[in-house]
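Data block below; observations after.
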Amino acid sequence: SGTIPKLNWVITDPSSFVTDCGNPSDFEKSLNCTECTMCCNAQGDCHSQKETDIQKVGIEDYTRFSWIFFACLLGVSCALALTLFAYDKYRTNHNVPGESIRRPSSTERDSKYALDAIGEGSVYQFFLGKSWLGWTIALATIGIQIFMLFVFVDGAKIDLSDEKTDLVYTWKCPRDQDDCQDTIDLDWLGWVAFAILMVAHLSKDIIHGSQMIVLSGKERHDRHARISLFSGGTLLTSVSLFTLFVS
């Protein structure tokens, strides 16, 4: 056990520096090696220590990336709603033909569309009402969904020193061969099937959520209606996109 000192080598071959720094380990504590290209465990399975895509852009792990992801979604939603509201207000002030005036038929149609988009059996419909209890139930449901998704985000964390990690070691480095082989069996057919399933289950919520954000920028709605449409649309879109990311 212990830490392998830095050697300051310029290493380009992923099979050039292989050590027993994975888990489960033959030692009481696995070795710590930051410069190793491959970390293998006692079962002969190995993991490549190359940087992940998010680490290449300076983000430490997927948990931190998830918060940045949420912040970006909120920022884009706010920018879209404010831009559309400003444009709608400009059309009204300059008498550009449109539906900016608060006509009961238009506002009722938007409210019905929002309810149909969310689903009458969904707790998200409480965002369209004025009940504080309903909003509390809806926000609690959102919190539970995000918590459950973060369980999977935390499971994606790469920590070779943790014996309880969910990391899958996909490489093999036979002692009688110079090169390591990646045994992962993912192919393009699997990714196509995954894409079809995600589009079938999540595209409807993403599209409807985005349309609700657009409706929140219409001046014909009062402040409460705009807040309700924006909240429901942003949360519906964000949770759907976050589910896609976690998947």
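By convention here, the chains of the structure tokens are called A, B, ... in the order presented, each chain's residues are numbered starting at 1, and ligands are numbered starting at 1 in the order presented.
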Mind running segment 141-184 of chain A against segment 16-21 of chain A at 10 Å and telling me each contacting residue's nearest atom pair with the distance in Å (one decimal), counting only C-alpha atoms, chain and number ascending, as CSV?
residue,atom,partner,partner_atom,distance
A:Leu160,CA,A:Cys21,CA,7.2
A:Ser161,CA,A:Cys21,CA,7.7
A:Cys173,CA,A:Val18,CA,8.0
A:Asp178,CA,A:Ser16,CA,8.2
A:Asp179,CA,A:Ser16,CA,8.0
A:Cys180,CA,A:Ser16,CA,9.1
For Cys40 of chain A, please output as a PyMOL selection string all residues within 9 Å (counting only C-alpha atoms; exclusion window: fewer than 3 positions along the same chain). chain A and resi 18-23+25+43-48+169+171-173
How close does segment 220-244 of chain A get to segment 203-216 of chain A? List, as JSON lines, each residue of segment 220-244 of chain A within 6 Å, its nearest atom pair and the distance in Å to one decimal, counting only C-alpha atoms.
{"residue": "A:Arg226", "atom": "CA", "partner": "A:Ser216", "partner_atom": "CA", "distance": 4.4}
{"residue": "A:Leu229", "atom": "CA", "partner": "A:Ser216", "partner_atom": "CA", "distance": 5.2}
{"residue": "A:Phe230", "atom": "CA", "partner": "A:Ile213", "partner_atom": "CA", "distance": 5.0}
{"residue": "A:Gly233", "atom": "CA", "partner": "A:Gly209", "partner_atom": "CA", "distance": 4.0}
{"residue": "A:Leu236", "atom": "CA", "partner": "A:Gly209", "partner_atom": "CA", "distance": 5.4}
{"residue": "A:Thr237", "atom": "CA", "partner": "A:Ile206", "partner_atom": "CA", "distance": 4.8}
Take the residues from that selection and write them out as a short mmCIF file (atom, residue, chain, number, x, y, z; two decimals), in the first residue's frame, keeping N, CA and C atoms.
data_model
loop_
_atom_site.label_atom_id
_atom_site.label_comp_id
_atom_site.auth_asym_id
_atom_site.auth_seq_id
_atom_site.Cartn_x
_atom_site.Cartn_y
_atom_site.Cartn_z
N ARG A 226 -48.08 34.24 -15.82
CA ARG A 226 -46.73 34.14 -16.40
C ARG A 226 -45.80 33.36 -15.49
N LEU A 229 -46.81 29.63 -15.73
CA LEU A 229 -46.38 29.02 -16.98
C LEU A 229 -44.86 28.85 -17.03
N PHE A 230 -44.15 29.88 -16.55
CA PHE A 230 -42.68 29.81 -16.57
C PHE A 230 -42.18 28.72 -15.62
N GLY A 233 -43.18 25.21 -17.03
CA GLY A 233 -42.41 24.89 -18.23
C GLY A 233 -40.94 24.65 -17.94
N LEU A 236 -40.56 21.31 -15.94
CA LEU A 236 -40.85 20.16 -16.79
C LEU A 236 -39.71 19.91 -17.77
N THR A 237 -39.21 20.98 -18.37
CA THR A 237 -38.10 20.84 -19.33
C THR A 237 -36.82 20.43 -18.63
#
Would you list, as an mmCIF file with N, CA, C and O atoms, in the first residue's frame, the residues of segment 74-201 of chain A that end up in strand (DSSP E or B) under DSSP run on this structure's backbone?
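Generated output (part_0.cif):
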data_model
loop_
_atom_site.group_PDB
_atom_site.id
_atom_site.type_symbol
_atom_site.label_atom_id
_atom_site.label_comp_id
_atom_site.auth_asym_id
_atom_site.auth_seq_id
_atom_site.Cartn_x
_atom_site.Cartn_y
_atom_site.Cartn_z
ATOM 1 N N TRP A 171 -11.423 -2.790 -18.902
ATOM 2 C CA TRP A 171 -10.177 -3.118 -19.602
ATOM 3 C C TRP A 171 -9.552 -4.393 -19.040
ATOM 4 O O TRP A 171 -9.758 -4.735 -17.881
ATOM 5 N N LYS A 172 -8.771 -5.066 -19.880
ATOM 6 C CA LYS A 172 -7.981 -6.223 -19.485
ATOM 7 C C LYS A 172 -6.534 -5.973 -19.904
ATOM 8 O O LYS A 172 -6.271 -5.536 -21.023
ATOM 9 N N GLN A 181 -6.581 -4.310 -23.590
ATOM 10 C CA GLN A 181 -7.729 -4.323 -24.484
ATOM 11 C C GLN A 181 -8.981 -3.855 -23.740
ATOM 12 O O GLN A 181 -9.200 -4.232 -22.589
ATOM 13 N N ASP A 182 -9.778 -3.045 -24.431
ATOM 14 C CA ASP A 182 -11.048 -2.584 -23.884
ATOM 15 C C ASP A 182 -12.116 -3.623 -24.220
ATOM 16 O O ASP A 182 -12.363 -3.918 -25.391
#
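Our summary of the geometry notes that atom CA of Asp159 of chain A is positioned 10.4 Å from atom CA of Asp61 of chain A.
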Of the residues A:Met38, A:Ala156, A:Leu202, A:Ala86, which is the one nearest to Ser66 of chain A, using only C-alpha atoms? A:Ala156
